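Peer 1: File follows, start-v3.txt with compact mmCIF, C-alpha atoms and all ligand atoms:
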# COMPACT_ATOMS: atom_id res chain seq x y z
CA MET B 282 103.77 116.15 71.23
CA MET B 283 101.38 114.72 73.76
CA MET B 284 100.82 110.99 73.62
CA LYS B 285 97.32 109.83 72.80
CA SER B 286 95.17 109.30 75.89
CA ILE B 287 93.38 106.00 76.55
CA LYS B 288 90.19 107.96 76.28
CA SER B 289 90.90 109.11 72.72
CA LEU B 290 92.28 105.71 71.75
CA LEU B 291 88.89 104.22 72.65
CA ALA B 292 86.98 107.07 71.03
CA GLU B 293 88.76 106.35 67.74
CA SER B 294 88.23 102.59 68.01
CA PRO B 295 85.01 102.05 69.92
CA ASN B 296 84.91 98.35 68.99
CA LEU B 297 88.44 97.60 70.06
CA THR B 298 88.72 93.94 71.05
CA SER B 299 92.46 93.65 71.54
CA ILE B 300 94.79 96.20 73.01
CA PRO B 301 97.78 97.62 71.10
CA SER B 302 100.90 95.60 71.87
CA THR B 303 102.49 98.65 73.53
CA TYR B 304 100.03 98.18 76.42
CA ILE B 305 100.81 94.53 77.02
CA PHE B 306 102.43 94.30 80.37
CA THR B 307 104.69 91.31 79.96
CA GLN B 308 106.89 91.91 82.96
CA ASN B 309 104.67 89.77 85.11
CA ILE B 310 103.75 87.12 82.61
CA HIS B 311 105.22 84.39 84.82
CA ASP B 312 103.79 85.91 87.93
CA ASP B 313 100.87 83.79 89.10
CA HIS B 314 99.24 86.69 90.85
CA HIS B 315 99.17 88.63 87.66
CA HIS B 316 97.99 85.68 85.60
CA HIS B 317 94.91 85.28 87.72
CA LEU B 318 94.53 88.95 88.28
CA GLN B 319 91.19 89.41 86.65
CA ALA B 320 89.56 86.38 88.20
CA SER B 321 90.69 87.38 91.63
CA VAL B 322 89.47 90.93 91.23
CA LEU B 323 86.01 89.83 90.21
CA GLU B 324 85.61 87.08 92.73
CA HIS B 325 86.57 89.03 95.84
CA PRO B 326 87.57 85.93 97.76
CA ALA B 327 85.90 86.17 101.13
CA ASP B 328 88.79 84.64 102.98
CA GLN B 329 91.22 87.29 101.86
CA GLU B 330 92.65 89.54 104.54
CA GLN B 331 91.58 93.16 104.48
CA ILE B 332 93.39 96.33 105.44
CA PRO B 333 92.66 97.77 108.91
CA ILE B 334 89.72 100.11 109.42
CA ILE B 335 90.31 103.23 111.48
CA ASP B 336 87.34 104.95 113.06
CA PHE B 337 88.34 108.60 112.88
CA SER B 338 85.74 109.66 115.45
CA LEU B 339 87.65 107.69 118.11
CA LEU B 340 90.88 109.46 117.26
CA THR B 341 89.25 112.81 117.98
CA SER B 342 87.49 111.53 121.09
CA SER B 343 87.63 113.67 124.23
CA ASP B 344 87.97 110.49 126.29
CA PRO B 345 91.75 110.09 126.77
CA LEU B 346 91.51 106.31 127.07
CA GLN B 347 89.60 105.97 123.85
CA ARG B 348 92.00 108.32 122.12
CA SER B 349 95.10 106.48 123.27
CA LYS B 350 93.62 103.19 122.10
CA ALA B 351 92.83 104.76 118.74
CA ILE B 352 96.44 105.97 118.45
CA LYS B 353 97.72 102.51 119.28
CA ASP B 354 95.47 101.00 116.61
CA LEU B 355 96.65 103.60 114.13
CA GLY B 356 100.28 102.79 114.89
CA LYS B 357 99.59 99.10 114.46
CA ALA B 358 97.88 99.72 111.11
CA CYS B 359 100.92 101.71 109.98
CA GLU B 360 103.33 99.05 111.11
CA ASP B 361 101.46 95.96 109.92
CA TRP B 362 99.97 97.21 106.68
CA GLY B 363 100.95 100.79 105.88
CA PHE B 364 97.49 101.06 104.31
CA PHE B 365 94.21 101.67 106.13
CA MET B 366 90.62 102.68 105.49
CA VAL B 367 89.23 105.59 107.49
CA ILE B 368 85.53 105.75 108.36
CA ASN B 369 83.58 108.47 110.18
CA HIS B 370 86.04 111.01 108.83
CA GLY B 371 83.53 113.84 108.54
CA VAL B 372 84.26 114.68 104.89
CA ALA B 373 80.80 115.03 103.34
CA GLU B 374 79.74 112.46 100.80
CA GLU B 375 78.51 115.27 98.53
CA LEU B 376 81.97 116.75 98.52
CA MET B 377 83.58 113.45 97.57
CA ASP B 378 81.01 113.06 94.79
CA ALA B 379 81.61 116.64 93.66
CA ILE B 380 85.38 116.24 93.25
CA MET B 381 84.87 112.90 91.49
CA GLU B 382 82.44 114.53 89.05
CA ALA B 383 84.77 117.48 88.55
CA CYS B 384 87.60 115.13 87.62
CA ARG B 385 85.33 113.15 85.32
CA GLY B 386 84.36 116.46 83.72
CA PHE B 387 88.01 117.24 83.17
CA PHE B 388 88.71 113.91 81.49
CA ASN B 389 85.62 114.45 79.31
CA LEU B 390 87.02 117.69 77.87
CA SER B 391 88.06 117.43 74.25
CA GLU B 392 91.69 116.58 73.54
CA GLU B 393 92.04 120.08 72.17
CA GLU B 394 90.84 121.63 75.42
CA LYS B 395 93.06 119.38 77.53
CA LYS B 396 96.12 120.39 75.52
CA GLU B 397 96.19 123.65 77.42
CA PHE B 398 96.91 121.68 80.62
CA GLU B 399 99.47 119.33 79.19
CA GLY B 400 102.31 120.76 81.30
CA LYS B 401 105.81 120.11 80.10
CA ARG B 402 108.02 120.52 83.10
CA MET B 403 108.07 118.43 86.25
CA LEU B 404 107.14 121.29 88.54
CA ASP B 405 104.41 122.75 86.34
CA PRO B 406 101.45 123.15 88.69
CA ILE B 407 98.96 121.45 86.34
CA ARG B 408 99.84 118.48 84.22
CA CYS B 409 97.63 116.00 82.40
CA GLY B 410 98.70 113.02 80.38
CA THR B 411 98.60 109.28 80.04
CA SER B 412 100.54 106.30 81.48
CA PHE B 413 103.14 107.64 83.99
CA ASN B 414 106.14 108.85 82.06
CA PRO B 415 105.56 107.85 78.39
CA SER B 416 108.86 109.31 77.23
CA LEU B 417 110.70 106.66 79.29
CA GLU B 418 108.30 103.76 79.08
CA LYS B 419 108.37 100.89 76.63
CA VAL B 420 105.07 99.55 77.91
CA PHE B 421 102.30 102.03 78.66
CA PHE B 422 99.78 101.88 81.46
CA TRP B 423 96.04 101.85 80.85
CA ARG B 424 95.58 105.14 82.64
CA ASP B 425 95.02 108.82 81.95
CA PHE B 426 95.86 111.32 84.68
CA LEU B 427 95.60 114.88 85.87
CA LYS B 428 98.04 116.20 88.45
CA VAL B 429 97.49 119.50 90.21
CA PHE B 430 99.47 121.22 92.94
CA VAL B 431 96.92 122.34 95.49
CA HIS B 432 99.14 123.49 98.39
CA PRO B 433 100.89 125.70 99.51
CA GLN B 434 99.61 127.52 96.43
CA PHE B 435 96.25 126.38 95.20
CA HIS B 436 96.06 125.73 91.47
CA SER B 437 93.20 124.41 89.42
CA PRO B 438 92.46 123.89 85.73
CA SER B 439 89.99 126.55 84.58
CA LYS B 440 87.78 123.86 83.01
CA PRO B 441 85.30 122.44 83.77
CA PRO B 442 83.93 125.48 85.60
CA ALA B 443 82.95 123.56 88.75
CA PHE B 444 86.40 122.05 89.19
CA SER B 445 88.06 124.76 91.19
CA GLU B 446 85.46 125.06 93.96
CA ALA B 447 85.03 121.31 94.41
CA CYS B 448 88.77 120.80 94.46
CA LEU B 449 89.48 123.58 96.96
CA GLU B 450 86.76 122.40 99.31
CA TYR B 451 87.65 118.71 99.11
CA CYS B 452 91.35 119.37 99.61
CA LYS B 453 90.64 121.59 102.60
CA LYS B 454 88.36 119.09 104.30
CA SER B 455 90.46 116.02 103.62
CA GLN B 456 93.53 117.94 104.77
CA GLU B 457 91.97 118.38 108.22
CA VAL B 458 91.69 114.60 108.47
CA THR B 459 95.22 114.08 107.18
CA GLN B 460 96.61 116.60 109.66
CA LEU B 461 95.02 114.86 112.65
CA LEU B 462 96.14 111.45 111.36
CA LEU B 463 99.70 112.73 111.07
CA GLU B 464 99.52 114.01 114.66
CA GLY B 465 98.29 110.60 115.78
CA ILE B 466 101.02 108.88 113.77
CA SER B 467 103.62 111.20 115.32
CA GLU B 468 102.41 110.21 118.77
CA SER B 469 102.32 106.53 117.87
CA LEU B 470 106.02 106.81 117.04
CA GLY B 471 106.72 108.21 120.48
CA LEU B 472 107.27 111.71 119.11
CA GLU B 473 105.55 114.95 120.05
CA PRO B 474 102.15 115.17 118.30
CA ASN B 475 103.36 118.15 116.29
CA TYR B 476 106.78 116.71 115.47
CA ILE B 477 105.94 115.83 111.85
CA THR B 478 104.11 119.12 111.29
CA LYS B 479 107.09 121.12 112.47
CA ALA B 480 109.96 119.05 111.09
CA MET B 481 108.34 118.79 107.66
CA ASN B 482 107.14 122.41 107.71
CA LEU B 483 103.60 121.35 106.80
CA GLU B 484 102.36 124.90 106.85
CA LEU B 485 104.07 125.03 103.47
CA GLY B 486 103.46 121.32 102.87
CA SER B 487 103.33 120.21 99.28
CA GLN B 488 100.06 118.60 98.29
CA MET B 489 99.53 117.19 94.85
CA LEU B 490 96.18 115.91 93.70
CA ALA B 491 96.37 113.13 91.14
CA ALA B 492 93.18 112.01 89.40
CA ASN B 493 93.39 108.66 87.63
CA LEU B 494 91.06 107.47 84.88
CA TYR B 495 91.03 103.81 83.92
CA PRO B 496 88.59 103.28 81.02
CA PRO B 497 87.26 99.75 80.38
CA CYS B 498 90.00 97.65 78.85
CA PRO B 499 89.13 94.89 76.34
CA GLN B 500 91.96 92.68 77.64
CA PRO B 501 92.26 93.58 81.29
CA GLU B 502 94.44 90.60 82.16
CA LEU B 503 97.15 91.86 79.80
CA ALA B 504 97.24 95.51 80.81
CA MET B 505 98.08 97.38 84.00
CA GLY B 506 96.43 100.58 85.25
CA MET B 507 99.33 101.46 87.46
CA PRO B 508 102.32 99.21 88.09
CA PRO B 509 103.58 98.25 91.55
CA HIS B 510 104.91 101.40 93.22
CA SER B 511 105.08 103.22 96.51
CA ASP B 512 104.00 106.85 96.82
CA LEU B 513 106.24 109.74 97.64
CA GLY B 514 105.38 112.05 100.50
CA LEU B 515 104.18 111.29 104.00
CA LEU B 516 100.63 110.06 103.66
CA THR B 517 98.47 109.58 100.56
CA THR B 518 94.71 110.14 100.63
CA LEU B 519 92.79 108.00 98.14
CA ILE B 520 89.15 107.83 97.11
CA GLN B 521 87.51 106.04 94.18
CA ASN B 522 84.26 106.06 92.22
CA GLY B 523 82.83 102.89 93.74
CA ILE B 524 84.72 100.57 91.39
CA ASP B 525 87.44 98.44 92.97
CA GLY B 526 90.80 97.78 91.35
CA LEU B 527 93.41 98.68 93.93
CA GLN B 528 95.70 95.92 95.14
CA VAL B 529 98.11 96.21 98.04
CA GLN B 530 101.10 94.02 98.68
CA HIS B 531 100.98 92.34 102.07
CA ASN B 532 103.25 89.50 103.20
CA GLY B 533 104.21 88.89 99.59
CA ASN B 534 100.63 88.61 98.29
CA TRP B 535 98.54 91.02 96.28
CA VAL B 536 95.43 91.79 98.31
CA ASN B 537 92.33 93.20 96.55
CA ILE B 538 91.03 96.20 98.43
CA ASN B 539 87.25 96.17 98.79
CA VAL B 540 86.56 99.78 99.58
CA ILE B 541 83.74 100.58 101.99
CA PRO B 542 81.57 103.21 100.24
CA ASN B 543 82.48 106.76 101.33
CA SER B 544 85.50 105.71 103.32
CA ILE B 545 88.88 107.28 102.60
CA LEU B 546 92.00 105.18 102.12
CA PHE B 547 95.35 106.33 103.46
CA ASN B 548 98.77 104.90 102.85
CA ILE B 549 102.26 105.53 104.13
CA GLY B 550 104.57 107.26 101.66
CA ASP B 551 108.33 107.06 101.24
CA HIS B 552 108.96 110.13 103.40
CA LEU B 553 107.23 108.71 106.43
CA GLU B 554 109.38 105.63 105.98
CA ILE B 555 112.47 107.87 106.01
CA LEU B 556 111.25 110.01 108.91
CA SER B 557 110.34 106.95 111.01
CA ASN B 558 113.73 105.41 110.18
CA GLY B 559 111.97 102.43 108.62
CA LYS B 560 109.50 101.68 111.42
CA TYR B 561 106.58 102.52 109.13
CA LYS B 562 107.17 101.46 105.56
CA SER B 563 105.72 102.75 102.33
CA VAL B 564 103.73 100.00 100.69
CA LEU B 565 103.75 98.62 97.18
CA HIS B 566 100.37 98.90 95.52
CA ARG B 567 99.05 98.78 91.97
CA ALA B 568 95.83 99.40 90.04
CA VAL B 569 94.36 96.69 87.84
CA VAL B 570 91.79 97.38 85.13
CA ASN B 571 88.51 95.76 84.14
CA ASN B 572 86.54 95.38 80.92
CA LYS B 573 83.17 96.66 82.14
CA GLU B 574 83.27 100.02 83.81
CA THR B 575 85.39 103.12 83.92
CA ARG B 576 87.25 103.29 87.19
CA MET B 577 88.42 106.56 88.68
CA SER B 578 90.52 107.29 91.71
CA ILE B 579 91.72 110.53 93.24
CA ALA B 580 94.89 110.56 95.30
CA ILE B 581 96.40 113.43 97.22
CA ALA B 582 100.09 113.02 97.96
CA ASN B 583 100.60 114.91 101.21
CA GLY B 584 104.25 115.75 101.39
CA PRO B 585 106.69 117.92 103.33
CA ALA B 586 107.39 121.47 102.18
CA LEU B 587 109.35 121.34 98.92
CA GLU B 588 112.30 122.97 100.67
CA ALA B 589 112.16 120.67 103.73
CA PHE B 590 115.10 118.36 104.25
CA VAL B 591 113.79 114.91 105.18
CA SER B 592 115.84 112.55 107.31
CA PRO B 593 115.11 110.08 110.11
CA ALA B 594 113.83 111.67 113.35
CA PRO B 595 116.86 111.78 115.69
CA LYS B 596 114.76 110.22 118.46
CA LEU B 597 114.21 107.12 116.31
CA VAL B 598 117.88 106.63 115.51
CA GLU B 599 119.78 104.50 117.98
CA HIS B 600 123.33 103.57 117.14
CA GLU B 601 123.16 100.04 118.49
CA ASN B 602 119.70 98.78 117.59
CA HIS B 603 118.35 101.23 115.05
CA PRO B 604 121.18 102.88 113.17
CA GLN B 605 120.23 105.54 110.66
CA ALA B 606 118.81 103.63 107.70
CA TYR B 607 118.33 106.42 105.10
CA ILE B 608 120.31 109.42 104.05
CA GLY B 609 118.44 112.70 104.09
CA MET B 610 117.29 114.56 100.99
CA LYS B 611 115.39 117.71 100.21
CA TYR B 612 111.79 116.85 99.30
CA LYS B 613 111.97 118.88 96.11
CA ASP B 614 114.96 116.87 94.88
CA TYR B 615 113.22 113.60 95.66
CA TYR B 616 110.06 114.79 93.94
CA GLN B 617 111.92 115.66 90.75
CA LEU B 618 113.83 112.40 90.84
CA GLN B 619 110.67 110.32 91.28
CA GLN B 620 108.56 112.12 88.69
CA SER B 621 111.30 112.00 86.08
CA SER B 622 112.02 108.28 86.54
CA LYS B 623 110.15 105.17 85.58
CA LEU B 624 107.54 104.16 88.12
CA ASP B 625 109.18 101.01 89.41
CA GLY B 626 108.50 99.56 92.83
CA LYS B 627 110.50 101.37 95.51
CA SER B 628 113.49 102.05 93.29
CA CYS B 629 113.56 105.73 94.19
CA LEU B 630 113.63 105.17 97.95
CA ASP B 631 116.19 102.40 97.51
CA ARG B 632 118.68 105.04 96.45
CA LEU B 633 118.57 106.58 99.91
CA ARG B 634 119.02 103.39 101.90
CA ILE B 635 122.11 103.00 104.02
CA SER B 636 123.18 99.39 104.26
CA ASN B 637 124.10 98.88 107.87
O1 LIG Y 1 93.92 103.93 91.36
C1 LIG Y 1 94.33 103.50 92.44
O2 LIG Y 1 93.61 102.87 93.21
C2 LIG Y 1 95.74 103.75 92.85
C3 LIG Y 1 96.27 105.08 92.42
C4 LIG Y 1 97.66 105.31 92.92
O3 LIG Y 1 98.30 104.43 93.43
C5 LIG Y 1 98.29 106.63 92.81
O4 LIG Y 1 97.68 107.56 92.24
O5 LIG Y 1 99.41 106.78 93.31
FE FE Y 2 100.01 105.21 94.47
Here is a file; write its structure as structure tokens.
Peer 2:
Amino acid sequence: MMMKSIKSLLAESPNLTSIPSTYIFTQNIHDDHHHHLQASVLEHPADQEQIPIIDFSLLTSSDPLQRSKAIKDLGKACEDWGFFMVINHGVAEELMDAIMEACRGFFNLSEEEKKEFEGKRMLDPIRCGTSFNPSLEKVFFWRDFLKVFVHPQFHSPSKPPAFSEACLEYCKKSQEVTQLLLEGISESLGLEPNYITKAMNLELGSQMLAANLYPPCPQPELAMGMPPHSDLGLLTTLIQNGIDGLQVQHNGNWVNINVIPNSILFNIGDHLEILSNGKYKSVLHRAVVNNKETRMSIAIANGPALEAFVSPAPKLVEHENHPQAYIGMKYKDYYQLQQSSKLDGKSCLDRLRISN
């Protein structure tokens, strides 16, 4: 049976003042960062570092000097942070609003209607639920989700009616940006611009859209929207509904991400870490919750083809200085491993590390 969503939990107890004990995230109780989580999210300390901003229009510039500088900046952002905010990306604001509204519409369906999209198996193309993997978790996350495979085959829930068109269009447009970023990243690694596209067989690339809903939580300092994790795939695309809550780990600190309206966030996934032989690392990030407004985010995990075998690019493996640091694995096997495990830091990628 499907576990109760956060949405229905709140619908049944609209005056909830304390969260059920199964949502109390005690793992970090002695962690200062977590203790002061809420305060730091609301205060937005001005002196806090921020992730790099990439101006996409420079990356597509016809001026070779400007373009090569943009590629250098992109490489630096990947190396230093693994997370960056892209502006001037050309994806229309209306389109970003439309997909956000479509996802909100989905979450607003009745529990009965959503049942149809519950999805039981890992590779079911449409799957909605709550937390991450409730059957394995002792503590649940304050999050409902919808996951949809949108490439190479496009799938979409049939409800709400506007979902399919908004989703198709948004995925298509954001994919154009992702593709050019991956070409720039390829170049920044000293590889042919189309190396990643070819080696990962991106024509059949696996793209999974994950919509996250974080309703207001009466005790936000005790709960977690999404625990520290890295993403699978090459590059994740992330947008939100104007409400902050994402934190990224940088030099051992949790940094609040203040998202510039209408920008798109990107972050390095585990498979780019493998492909780059560890030069670009996937980054730990988490989502915190608040007690005022419903936060939504929409991620697209842009991965290799399910059948692609992912291992470090031979050009980036050097026996003396950069020995091969990860064993290769088929993307499909990694996907199934990750989705059927607990979401726990970089534990999945750790299994592929070679200790040199
Ligand atoms: O909600 C967020 O900002 C983060 C979501 C996320 O990390 C994910 O969907 O993988
Ligand atoms: Fe993530």
Peer 1: Might you pull out every residue within 7 Å of B:Cys409, with only C-alpha atoms counted and same-chain residues fewer than 3 positions away left off, and present them as a list in words?
Peer 2: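 Returned residues: Phe398, Glu399, Gly400, Phe426, Leu427 and Lys428 of chain B.
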Peer 1: Between atom CA of B:Phe387 and atom C4 of ligand LIG 1 (chain Y), what is the spacing in Å?
Peer 2: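 Those two atoms sit 18.2 Å apart.
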Peer 1: Measure the distance from atom CA of B:Glu468 to atom CA of B:Arg348 in Å and round it to one decimal.
Peer 2: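 Distance between the two atoms: 11.1 Å.
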Peer 1: Go through chain B and flag each residue having an atom no more than 9 Å from ligand FE 2 (chain Y); for those, report the closest pair of atoms plus their distance in Å to one decimal, using all atoms listed in the file, ordered by chain and rising number, as a tab-separated table.
Peer 2:
residue	atom	partner	partner_atom	distance
B:Met507	CA	Y:FE2	FE	8.0
B:Pro509	CA	Y:FE2	FE	8.3
B:His510	CA	Y:FE2	FE	6.3
B:Ser511	CA	Y:FE2	FE	5.8
B:Asp512	CA	Y:FE2	FE	4.9
B:Leu513	CA	Y:FE2	FE	8.3
B:Thr517	CA	Y:FE2	FE	7.7
B:Leu519	CA	Y:FE2	FE	8.6
B:Asn548	CA	Y:FE2	FE	8.5
B:Gly550	CA	Y:FE2	FE	8.8
B:Val564	CA	Y:FE2	FE	8.9
B:Leu565	CA	Y:FE2	FE	8.0
B:His566	CA	Y:FE2	FE	6.4
B:Arg567	CA	Y:FE2	FE	7.0
B:Ala568	CA	Y:FE2	FE	8.4
B:Ala580	CA	Y:FE2	FE	7.5
B:Ala582	CA	Y:FE2	FE	8.6
Peer 1: When you count all atoms listed in the file, which of these residues is closest to B:Gly506: B:Glu418, B:Asp425, B:Glu393, B:Asp378?
Peer 2: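 Closest residue, counting all atoms listed in the file: B:Asp425.
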Peer 1: Just to confirm, what's the straight-line distance from atom CA of B:Leu297 to atom CA of B:Pro497 in Å (one decimal)?
Peer 2: 10.6 Å
Peer 1: In terms of the shortest atom-to-atom distance over only C-alpha atoms, which of B:His552, B:Arg385, B:His432, B:Arg632 is closest to B:Met481?
Peer 2: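 Closest to B:Met481, using only C-alpha atoms: B:His552.
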Peer 1: Applying 10 Å and all atoms listed in the file, which residues near stretch 365-371 of chain B remain after dropping the ones on its own chain fewer than 6 positions away? List them as a count of residues only.
Peer 2: 35
Peer 1: Which is closest to B:Gly465 among B:Ser439, B:Gln521, B:Asn532, B:Thr478, if we use all atoms listed in the file?
Peer 2: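 Between B:Ser439, B:Gln521, B:Asn532, B:Thr478, the residue approaching B:Gly465 most closely is B:Thr478.
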Peer 1: Tell me which of B:Gly533, B:Gly609, B:Pro474, B:Pro508 sits closest to ligand LIG 1 (chain Y), counting all atoms listed in the file.
Peer 2: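 Checking each of B:Gly533, B:Gly609, B:Pro474, B:Pro508 against ligand LIG 1 (chain Y), counting all atoms listed in the file, the winner is B:Pro508.
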Peer 1: In terms of the shortest atom-to-atom distance over only C-alpha atoms, which of B:Tyr561, B:Phe388, B:Phe422, B:Phe435 is closest to B:Lys357?
Peer 2: B:Tyr561
Peer 1: I'd like to know which of B:Gly559, B:Pro499, B:Pro585, B:Gly523 is closest to B:Pro295, using all atoms listed in the file.
Peer 2: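 Checking each of B:Gly559, B:Pro499, B:Pro585, B:Gly523 against B:Pro295, counting all atoms listed in the file, the winner is B:Pro499.
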Peer 1: Need the neighbours of (100.3, 116.6, 90.1): which residues are at most 8 Å away, counting only C-alpha atoms, as a VMD selection string?
Peer 2: chain B and resid 406 to 408 427 to 430 489 to 491
Peer 1: As AutoDock Vina command-line options, please: the centre and edge lengths in Å, to one decimal, of an axis-aligned box enclosing every listed atom of stretch 427-438 of chain B with 6 Å added on each side.
Peer 2:
--center_x 96.7 --center_y 121.2 --center_z 92.6 --size_x 20.4 --size_y 24.6 --size_z 25.8
